[in-house]
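What follows is the content of final.cif, which has mmCIF, C-alpha atoms:
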```cif
data_coords
loop_
_atom_site.label_atom_id
_atom_site.label_comp_id
_atom_site.auth_asym_id
_atom_site.auth_seq_id
_atom_site.Cartn_x
_atom_site.Cartn_y
_atom_site.Cartn_z
CA MET A 1 2.96 -21.07 -8.09
CA ASN A 2 4.76 -20.99 -11.42
CA SER A 3 8.22 -22.42 -10.64
CA ASP A 4 9.80 -20.69 -13.66
CA ASN A 5 8.61 -17.30 -12.44
CA ARG A 6 9.92 -18.01 -8.97
CA GLU A 7 13.32 -19.04 -10.28
CA GLN A 8 13.44 -15.92 -12.45
CA LEU A 9 12.64 -13.82 -9.38
CA LEU A 10 15.38 -15.39 -7.28
CA ARG A 11 17.93 -14.96 -10.08
CA LEU A 12 16.94 -11.33 -10.42
CA PHE A 13 17.54 -10.75 -6.71
CA GLU A 14 20.88 -12.53 -6.91
CA GLU A 15 21.82 -9.94 -9.52
CA TYR A 16 20.48 -7.05 -7.42
CA GLY A 17 22.31 -8.35 -4.34
CA GLN A 18 25.70 -7.61 -5.86
CA GLN A 19 25.31 -4.00 -4.68
CA ASP A 20 23.75 -1.91 -1.91
CA LEU A 21 20.00 -1.49 -2.36
CA CYS A 22 17.09 0.70 -1.35
CA VAL A 23 13.60 -0.80 -1.00
CA ALA A 24 10.37 1.23 -0.86
CA PHE A 25 8.91 -0.44 2.21
CA SER A 26 5.34 0.17 3.41
CA GLY A 27 4.97 -2.90 5.62
CA GLY A 28 2.44 -4.49 3.25
CA VAL A 29 2.93 -8.02 1.96
CA ASP A 30 4.34 -7.01 -1.45
CA SER A 31 7.05 -4.68 -0.18
CA SER A 32 7.77 -7.01 2.74
CA LEU A 33 8.52 -9.86 0.35
CA VAL A 34 10.73 -7.61 -1.78
CA LEU A 35 12.61 -6.48 1.34
CA VAL A 36 13.15 -10.02 2.62
CA LEU A 37 14.43 -11.23 -0.76
CA ALA A 38 16.66 -8.16 -1.13
CA CYS A 39 18.17 -8.65 2.33
CA GLU A 40 18.74 -12.36 1.72
CA ALA A 41 20.56 -11.67 -1.55
CA ALA A 42 22.56 -8.67 -0.32
CA GLN A 43 23.74 -10.31 2.90
CA LYS A 44 25.41 -13.07 0.90
CA ASN A 45 27.66 -10.41 -0.61
CA GLY A 46 28.12 -8.23 2.47
CA LYS A 47 25.98 -5.47 0.98
CA LYS A 48 23.54 -3.12 2.72
CA VAL A 49 19.80 -2.78 2.25
CA TYR A 50 17.97 0.41 3.23
CA ALA A 51 14.24 0.04 3.87
CA LEU A 52 12.62 3.38 3.07
CA THR A 53 9.24 3.99 4.69
CA MET A 54 7.19 7.09 3.95
CA ASP A 55 5.41 8.80 6.85
CA THR A 56 2.79 10.80 5.01
CA VAL A 57 -0.54 12.55 5.43
CA LEU A 58 -2.41 10.18 3.09
CA HIS A 59 -1.21 6.81 4.40
CA PRO A 60 -2.64 5.10 7.51
CA LYS A 61 -0.41 5.53 10.57
CA ALA A 62 -0.80 1.82 11.36
CA ASP A 63 1.34 1.14 8.28
CA LEU A 64 4.39 2.63 9.98
CA GLU A 65 3.94 0.51 13.11
CA ILE A 66 3.51 -2.68 11.07
CA ALA A 67 6.52 -1.80 8.92
CA ARG A 68 8.73 -1.61 12.00
CA LYS A 69 7.60 -5.06 13.21
CA VAL A 70 8.40 -6.70 9.87
CA LEU A 71 11.65 -4.81 9.56
CA ALA A 72 13.01 -6.09 12.88
CA LYS A 73 13.51 -9.55 11.33
CA THR A 74 15.31 -8.50 8.15
CA GLY A 75 18.56 -6.79 9.13
CA ALA A 76 17.80 -3.86 6.84
CA ILE A 77 18.62 -0.29 7.81
CA HIS A 78 15.37 1.60 8.35
CA LYS A 79 14.86 5.17 7.17
CA VAL A 80 11.56 7.00 7.67
CA ILE A 81 11.00 9.87 5.25
CA THR A 82 8.32 12.43 6.12
CA LEU A 83 6.20 13.96 3.38
CA ASP A 84 3.05 16.08 3.28
CA GLU A 85 1.52 15.29 -0.10
CA LEU A 86 -1.10 17.99 0.37
CA ALA A 87 1.64 20.61 0.24
CA VAL A 88 1.68 19.84 -3.50
CA PRO A 89 -1.16 22.06 -4.85
CA GLU A 90 -2.03 19.69 -7.71
CA ILE A 91 -2.83 16.86 -5.26
CA ARG A 92 -5.19 18.69 -2.88
CA ASN A 93 -8.33 18.25 -4.99
CA ASN A 94 -7.79 14.53 -5.60
CA PRO A 95 -7.35 14.62 -9.39
CA VAL A 96 -7.73 11.48 -11.50
CA ASN A 97 -3.94 11.29 -11.82
CA ARG A 98 -3.42 11.78 -8.06
CA CYS A 99 -1.64 8.46 -7.71
CA TYR A 100 0.85 9.46 -10.40
CA LEU A 101 1.55 12.80 -8.74
CA CYS A 102 1.90 11.19 -5.29
CA LYS A 103 4.21 8.41 -6.47
CA LYS A 104 6.36 10.93 -8.29
CA GLU A 105 6.80 12.84 -5.01
CA LEU A 106 7.29 9.71 -2.88
CA TYR A 107 9.78 7.95 -5.13
CA GLY A 108 11.53 11.23 -5.90
CA ARG A 109 12.30 11.59 -2.19
CA MET A 110 13.47 7.99 -1.97
CA LEU A 111 15.71 8.34 -5.00
CA ALA A 112 17.26 11.46 -3.50
CA PHE A 113 18.11 9.47 -0.37
CA ALA A 114 19.54 6.65 -2.51
CA ARG A 115 21.77 9.10 -4.37
CA GLU A 116 23.09 10.44 -1.05
CA LYS A 117 24.17 6.89 -0.20
CA GLY A 118 25.65 6.26 -3.64
CA ILE A 119 22.97 3.68 -4.45
CA SER A 120 21.60 3.30 -7.97
CA LEU A 121 18.78 0.79 -7.39
CA LEU A 122 15.43 1.46 -5.73
CA LEU A 123 13.01 -1.51 -5.64
CA GLU A 124 9.24 -1.40 -5.10
CA GLY A 125 6.50 -3.99 -4.66
CA SER A 126 4.03 -3.77 -7.56
CA ASN A 127 2.98 -7.25 -8.70
CA GLU A 128 1.56 -8.75 -11.90
CA ASP A 129 -2.05 -8.05 -10.90
CA ASP A 130 -1.29 -4.34 -10.56
CA LEU A 131 -0.46 -4.21 -14.26
CA HIS A 132 -4.04 -5.09 -15.22
CA VAL A 133 -5.99 -2.48 -13.22
CA TYR A 134 -5.98 1.33 -13.06
CA ARG A 135 -2.63 2.16 -11.44
CA PRO A 136 -1.48 5.59 -12.70
CA GLY A 137 1.32 5.50 -10.12
CA LEU A 138 3.10 2.88 -12.22
CA LYS A 139 3.78 5.57 -14.82
CA ALA A 140 5.86 7.44 -12.24
CA VAL A 141 7.65 4.20 -11.30
CA ARG A 142 8.69 3.66 -14.91
CA GLU A 143 9.62 7.30 -15.55
CA LEU A 144 11.88 7.41 -12.51
CA GLY A 145 13.57 4.08 -13.23
CA VAL A 146 12.36 2.35 -10.06
CA LYS A 147 12.50 -1.45 -10.35
CA SER A 148 9.42 -3.67 -9.81
CA PRO A 149 10.84 -7.21 -9.55
CA LEU A 150 7.54 -8.94 -8.70
CA ALA A 151 5.78 -7.46 -11.72
CA GLU A 152 8.81 -8.04 -13.93
CA CYS A 153 8.74 -11.76 -13.07
CA HIS A 154 4.92 -11.98 -13.43
CA ILE A 155 4.34 -12.82 -9.76
CA THR A 156 0.63 -12.45 -8.92
CA LYS A 157 -0.81 -11.27 -5.61
CA GLU A 158 -1.81 -14.83 -4.73
CA GLU A 159 1.74 -15.98 -5.43
CA VAL A 160 3.14 -13.09 -3.38
CA ARG A 161 1.11 -14.25 -0.38
CA ALA A 162 2.18 -17.86 -0.89
CA LEU A 163 5.86 -16.90 -1.08
CA ALA A 164 5.54 -14.60 1.92
CA SER A 165 4.05 -17.47 3.92
CA GLN A 166 6.96 -19.72 2.92
CA TYR A 167 9.41 -17.08 4.15
CA GLY A 168 7.53 -16.70 7.44
CA ILE A 169 6.56 -13.09 6.78
CA GLU A 170 3.93 -12.25 9.38
CA VAL A 171 1.95 -9.90 7.11
CA ALA A 172 1.52 -12.58 4.43
CA HIS A 173 -2.28 -12.42 4.70
CA ARG A 174 -2.66 -8.82 5.81
CA PRO A 175 -5.38 -6.97 3.85
CA SER A 176 -4.17 -4.22 1.54
CA ALA A 177 -4.10 -0.70 2.99
CA PRO A 178 -4.06 1.83 0.13
CA CYS A 179 -3.72 5.56 0.62
CA MET A 180 -6.60 7.31 2.34
CA ALA A 181 -7.37 9.48 -0.68
CA THR A 182 -9.05 6.42 -2.24
CA ARG A 183 -11.92 6.92 0.23
CA LEU A 184 -13.06 10.10 -1.55
CA PRO A 185 -14.21 10.61 -5.15
CA TYR A 186 -11.89 12.23 -7.65
CA GLY A 187 -12.27 15.98 -7.49
CA ALA A 188 -13.16 16.04 -3.78
CA GLU A 189 -10.98 18.14 -1.50
CA LEU A 190 -8.56 16.00 0.52
CA ASN A 191 -9.35 17.31 3.98
CA PRO A 192 -6.86 15.91 6.54
CA ALA A 193 -9.36 16.05 9.41
CA LEU A 194 -11.98 14.11 7.41
CA LEU A 195 -9.40 11.52 6.30
CA LYS A 196 -8.35 11.01 9.92
CA ARG A 197 -11.96 10.43 10.96
CA ILE A 198 -12.34 7.87 8.14
CA GLU A 199 -9.11 6.13 9.21
CA ASN A 200 -10.33 5.92 12.81
CA ALA A 201 -13.71 4.54 11.72
CA GLU A 202 -12.08 1.82 9.63
CA GLU A 203 -9.87 0.85 12.55
CA GLU A 204 -12.94 0.50 14.77
CA LEU A 205 -14.60 -1.73 12.17
CA ARG A 206 -11.52 -3.95 11.97
CA LYS A 207 -11.63 -4.31 15.74
CA MET A 208 -15.19 -5.59 15.27
CA GLY A 209 -13.80 -8.38 13.08
CA PHE A 210 -14.32 -7.02 9.57
CA GLN A 211 -11.22 -7.72 7.48
CA ASN A 212 -11.36 -5.87 4.15
CA VAL A 213 -13.26 -2.72 4.97
CA ARG A 214 -13.52 0.69 3.29
CA VAL A 215 -15.38 3.78 4.43
CA ARG A 216 -16.05 5.76 1.24
CA VAL A 217 -17.46 9.26 1.58
CA HIS A 218 -19.56 10.91 -1.15
CA GLY A 219 -20.43 14.32 0.28
CA THR A 220 -23.09 13.66 2.94
CA ILE A 221 -23.29 9.92 2.15
CA LEU A 222 -21.04 7.30 3.74
CA ARG A 223 -20.79 4.11 1.66
CA LEU A 224 -19.42 1.17 3.64
CA GLU A 225 -17.75 -1.73 1.86
CA VAL A 226 -17.07 -5.04 3.63
CA ASP A 227 -16.25 -8.48 2.25
CA GLY A 228 -19.19 -10.09 0.45
CA ASP A 229 -19.43 -12.93 2.96
CA ALA A 230 -19.63 -10.37 5.78
CA LEU A 231 -22.61 -8.43 4.41
CA THR A 232 -25.16 -10.34 6.49
CA LEU A 233 -23.08 -9.83 9.62
CA ALA A 234 -22.78 -6.12 8.85
CA ALA A 235 -26.55 -5.83 8.50
CA GLU A 236 -27.07 -7.65 11.80
CA ARG A 237 -24.60 -5.35 13.57
CA CYS A 238 -25.86 -2.14 11.98
CA LEU A 239 -26.28 -0.31 15.29
CA GLU A 240 -22.68 -1.05 16.31
CA ILE A 241 -21.46 -0.03 12.88
CA ARG A 242 -23.40 3.21 13.01
CA LYS A 243 -21.74 4.05 16.32
CA ALA A 244 -18.30 3.19 14.90
CA VAL A 245 -18.68 5.47 11.87
CA GLU A 246 -20.90 8.30 13.10
CA LYS A 247 -17.93 10.56 13.90
CA VAL A 248 -17.05 10.65 10.20
CA GLY A 249 -19.84 13.20 10.08
CA CYS A 250 -22.09 11.99 7.25
CA SER A 251 -25.88 12.47 7.28
CA TYR A 252 -26.53 9.11 5.63
CA ILE A 253 -24.83 5.76 6.32
CA THR A 254 -25.20 3.06 3.66
CA LEU A 255 -23.96 -0.52 3.20
CA ASP A 256 -22.74 -1.28 -0.34
CA LEU A 257 -24.43 -4.54 -1.38
CA GLU A 258 -21.71 -5.24 -3.94
CA GLY A 259 -19.28 -5.67 -1.05
CA PHE A 260 -15.61 -4.77 -0.88
CA ARG A 261 -14.04 -3.89 -4.22
CA SER A 262 -10.49 -2.63 -4.41
CA GLY A 263 -10.45 0.49 -6.57
CA SER A 264 -14.21 0.97 -6.59
CA MET A 265 -13.71 4.73 -6.86
CA ASP A 266 -12.10 4.13 -10.27
CA LEU A 267 -15.29 2.70 -11.81
#
```
Mind turning this structure into structure tokens?
Amino acid sequence: MNSDNREQLLRLFEEYGQQDLCVAFSGGVDSSLVLVLACEAAQKNGKKVYALTMDTVLHPKADLEIARKVLAKTGAIHKVITLDELAVPEIRNNPVNRCYLCKKELYGRMLAFAREKGISLLLEGSNEDDLHVYRPGLKAVRELGVKSPLAECHITKEEVRALASQYGIEVAHRPSAPCMATRLPYGAELNPALLKRIENAEEELRKMGFQNVRVRVHGTILRLEVDGDALTLAAERCLEIRKAVEKVGCSYITLDLEGFRSGSMDL
């Protein structure tokens, strides 16, 4: 990785570590790296780090379990904040700016907690790659003054994974797990029962050995995305896959021949 960017990142955390910190911590590789670096810097100065994890309707429940495993090795103080995003009327119909609205709610709650503790810095895990794709949530990050050290130091996703491996972070190669609303088209009602069925189906597919997997639902059509090199395997195991996803409740089950694409609903 770019050594200058890495040195810039470490210097930035040395600066942050002069005070108590809050880190938006999902348990994914990006936020895990930010948390580890924050704890390392803060502990040198006897400062505290609060890891803030959101327990929400739209995020997979497995995220919370994974977050706790990573957290156990950091020394951070864990705080779980519960939020029902669907209680916000503007979010229910999955608008194009849903991510902005959600992030504004999520980070607003975290900032309120930080203020209660007298903390002025909240860090989050967006990286350089996130700056070059459709990420409306970043607008909320900037508006609220949340810091994105990985993006600020131009650290790419590949470099995040490499650094995480060097620090022995167990989720270094964990596939991304974005919010469940990304499984439905913009404008579709975010039905909690349907989203739970989709989440369960994806978990079953991961148990079958598929790594990056998305169950996208377009009305009565289920569009399954798996990694490109797993398409042949998916076709061979079509009967098992059908059984794994049939409870989603779609009349038609399809395999997307373009394979897994992060953000395919944004096309």
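Every protein, DNA or RNA residue with an atom at most 12 Å from A:Glu40, where all atoms listed in the file count and chain neighbours fewer than 5 positions away do not, is listed here: Leu10, Phe13, Glu14, Glu15, Tyr16, Gly17, Gln18, Leu21, Leu33, Val34, Leu35, Asn45, Gly46, Lys47, Lys48, Val49, Lys73, Thr74, Gly75, Ala76 and Tyr167 of chain A.
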Go ahead and dump the residues you just picked, C-alpha atoms, as a PDB file, in the frame of the given file.
```pdb
ATOM      1  CA  LEU A  10      15.380 -15.390  -7.280  1.00  0.00           C
ATOM      2  CA  PHE A  13      17.540 -10.750  -6.710  1.00  0.00           C
ATOM      3  CA  GLU A  14      20.880 -12.530  -6.910  1.00  0.00           C
ATOM      4  CA  GLU A  15      21.820  -9.940  -9.520  1.00  0.00           C
ATOM      5  CA  TYR A  16      20.480  -7.050  -7.420  1.00  0.00           C
ATOM      6  CA  GLY A  17      22.310  -8.350  -4.340  1.00  0.00           C
ATOM      7  CA  GLN A  18      25.700  -7.610  -5.860  1.00  0.00           C
ATOM      8  CA  LEU A  21      20.000  -1.490  -2.360  1.00  0.00           C
ATOM      9  CA  LEU A  33       8.520  -9.860   0.350  1.00  0.00           C
ATOM     10  CA  VAL A  34      10.730  -7.610  -1.780  1.00  0.00           C
ATOM     11  CA  LEU A  35      12.610  -6.480   1.340  1.00  0.00           C
ATOM     12  CA  ASN A  45      27.660 -10.410  -0.610  1.00  0.00           C
ATOM     13  CA  GLY A  46      28.120  -8.230   2.470  1.00  0.00           C
ATOM     14  CA  LYS A  47      25.980  -5.470   0.980  1.00  0.00           C
ATOM     15  CA  LYS A  48      23.540  -3.120   2.720  1.00  0.00           C
ATOM     16  CA  VAL A  49      19.800  -2.780   2.250  1.00  0.00           C
ATOM     17  CA  LYS A  73      13.510  -9.550  11.330  1.00  0.00           C
ATOM     18  CA  THR A  74      15.310  -8.500   8.150  1.00  0.00           C
ATOM     19  CA  GLY A  75      18.560  -6.790   9.130  1.00  0.00           C
ATOM     20  CA  ALA A  76      17.800  -3.860   6.840  1.00  0.00           C
ATOM     21  CA  TYR A 167       9.410 -17.080   4.150  1.00  0.00           C
TER      22      TYR A 167
END
```
Residue by residue, what does the PyMOL selection byres ((chain A and resi 84) around 12) grab here? Present the result as a JSON list (two decimals) with C-alpha atoms, in the frame of the given file.
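Written file, part29.json:
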```
[["chain", "number", "residue", "atom", "x", "y", "z"],
["A", 54, "MET", "CA", 7.19, 7.09, 3.95],
["A", 55, "ASP", "CA", 5.41, 8.80, 6.85],
["A", 56, "THR", "CA", 2.79, 10.80, 5.01],
["A", 57, "VAL", "CA", -0.54, 12.55, 5.43],
["A", 58, "LEU", "CA", -2.41, 10.18, 3.09],
["A", 59, "HIS", "CA", -1.21, 6.81, 4.40],
["A", 81, "ILE", "CA", 11.00, 9.87, 5.25],
["A", 82, "THR", "CA", 8.32, 12.43, 6.12],
["A", 83, "LEU", "CA", 6.20, 13.96, 3.38],
["A", 85, "GLU", "CA", 1.52, 15.29, -0.10],
["A", 86, "LEU", "CA", -1.10, 17.99, 0.37],
["A", 87, "ALA", "CA", 1.64, 20.61, 0.24],
["A", 88, "VAL", "CA", 1.68, 19.84, -3.50],
["A", 89, "PRO", "CA", -1.16, 22.06, -4.85],
["A", 91, "ILE", "CA", -2.83, 16.86, -5.26],
["A", 92, "ARG", "CA", -5.19, 18.69, -2.88],
["A", 102, "CYS", "CA", 1.90, 11.19, -5.29],
["A", 105, "GLU", "CA", 6.80, 12.84, -5.01],
["A", 106, "LEU", "CA", 7.29, 9.71, -2.88],
["A", 109, "ARG", "CA", 12.30, 11.59, -2.19],
["A", 190, "LEU", "CA", -8.56, 16.00, 0.52],
["A", 192, "PRO", "CA", -6.86, 15.91, 6.54]]
```
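Considering all atoms listed in the file, the residue among A:Lys44, A:Lys243, A:Lys196, A:Arg183 positioned nearest to A:Arg223 is A:Arg183.
Across A:Glu258, A:Glu240, A:Asp4, A:Asp63, the tightest approach to A:Gly228 is made by A:Glu258 when counting all atoms listed in the file.
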Check your understanding: Any chance you could work out the residue set of the PyMOL selection byres ((chain A and resi 146) around 9) here, as a PyMOL selection string?
Key -> chain A and resi 107+111+121-124+140-145+147-148
Revision key, fill the gap. Expressed in Å, the length from atom CA of A:Cys238 to atom CA of A:Leu194 is 21.9 Å
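Here atom CA of A:Ala114 stands at a distance of 25.7 Å from atom CA of A:Ile155.
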